[in-house]
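*Asks:* Handing you a structure now.
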Amino acid sequence: MAGVGFRRWALALSKGKGPGISGLLSGCRAASGVTKDSGLGPYPKTPEERAAAAKKYNMTVEDYEPYPDNGEGYGDYPKLPERSQHERDPWYQWDHPDLRRNWGEPMHWHFDAYIRNRVDTSPSPVSWSSMCKQLFGFLGFMLFMFYVGEKMPAYQPVAPKQYPYNDLYLERGGDPEKQPEEVKHYEI
Amino acid sequence: MADYQEAPLATRPKTLDPNEYFNVSTDQRRVEQSRAALRAELKRQYQTQLNNPHRKELIEDPALTRWVYARANPYTYFRPTFKTSLLGAMFGVVPLFALYFIFKTDRDRKEAQIKAGTLERKFSLSS
């Protein structure tokens, strides 16, 4: 630490863009990882910048299309079609068969969402509008019918429960000597 | 083959796309050739490294490194515009205050009801 200047140390800790801990400790940095030019660059404005960015990402200049520059942090990362890995040819000999991707191929920004365990953009058997109508139609119908059932219940006629032995006179603590009044639950 | 229907839940393969055969100009063919050349070059690099008998380490994928770096550093080129600040406010600031107010008023109302003795205490499990 003493060999490296205090200024660089303070800069690295405050901004987080310095050479990193490994650089601070030994005075040199690792050769792997992202170099200054191979990382994310700013949005390309001139055609030369676009060509350089396309070359960096291993794409042709015609295919390379960066995300629109509205401050969302994409930089010059290419905007690839929103297709999940489910749609790629299952029979081609990919370099990484589970990811259906070749080595060095530019990765979609949302690649981790489009892997084969997750979001699938394959065409559905029925159109989206038809699916929505079926699902919400069914749910809406069921909700409506349950609501109607709450408001207007329909059940077998019920009456209060009828107990024998003169409405359980003795069990309810009535006097055994006294004669209870007769309770008749029927009519003939 | 003219009446080919795509398999359900699958996109049409490129080799069966009629545009591939009928509406293609030489420029498009040239672009496709350059794409194929890029792909072939990448394949060549990968296969050389893969089949190198003296290789002991993992094959580093620069596209993957770039992707990870890009996803980990979204604020390098972030600019507060109308849209980004609105999104940030909607997701970060508004729920905080809105939920506080919603819960506070609901619980205050319940507390007042309990104090006044008007809260209906049913035996059902759901509420």
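Just remember, in the structure tokens the first chain shown is A, the second B, etc., residues are 1-based per chain, and ligands are 1-based in the order shown.
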Could you please select, counting only C-alpha atoms, the residues of chain B within 8 Å of chain A and state them as a VMD selection string?

*Replies:* chain B and resid 8 to 11 13 31 34 to 35 38 to 39 42 to 43 46 61 to 67 69 to 71 74 to 81 84

*Asks:* When DSSP works through the backbone of this structure, what residues of chain A end up as alpha helix (DSSP H), shown as a ChimeraX atom specification?

*Replies:* /A:6-15,20-26,47-56,128-151,164-168

*Asks:* How far is it from CA of Glu120 in chain B to CA of Ile102 in chain B, in Å with one decimal?

*Replies:* 20.9 Å

*Asks:* Residues at most 10 Å from Tyr4 in chain B, counting only C-alpha atoms, excluding those fewer than 4 positions away in the same chain, as a PyMOL selection string?

*Replies:* chain B and resi 12+16-17

*Asks:* Quick one: write out the picked residues with C-alpha atoms as an mmCIF file, in the first residue's frame?

*Replies:*
```
data_model
loop_
_atom_site.group_PDB
_atom_site.id
_atom_site.type_symbol
_atom_site.label_atom_id
_atom_site.label_comp_id
_atom_site.auth_asym_id
_atom_site.auth_seq_id
_atom_site.Cartn_x
_atom_site.Cartn_y
_atom_site.Cartn_z
ATOM 1 C CA ARG B 12 -41.050 -21.123 -39.363
ATOM 2 C CA LEU B 16 -38.751 -22.808 -45.549
ATOM 3 C CA ASP B 17 -39.302 -19.068 -45.659
#
```

*Asks:* Would you work out the distance separating CA of Gln33 in chain B from CA of Ala7 in chain B, expressed in Å to one decimal?

*Replies:*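 Computing it gives 28.4 Å between the two atoms.
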
*Asks:* For CA of Gly92 in chain B and CA of Arg107 in chain B, determine how far apart the two atoms are, in Å to one decimal place.

*Replies:*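 Between these atoms lies a distance of 23.4 Å.
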
*Asks:* Please report, as a list in words, each residue of chain A to which DSSP assigns strand (DSSP E or B) when run on this structure's backbone.

*Replies:*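 Restricting chain A to strand (DSSP E or B) produces Pro66, Glu72, Pro78, His96 and Arg101 of chain A.
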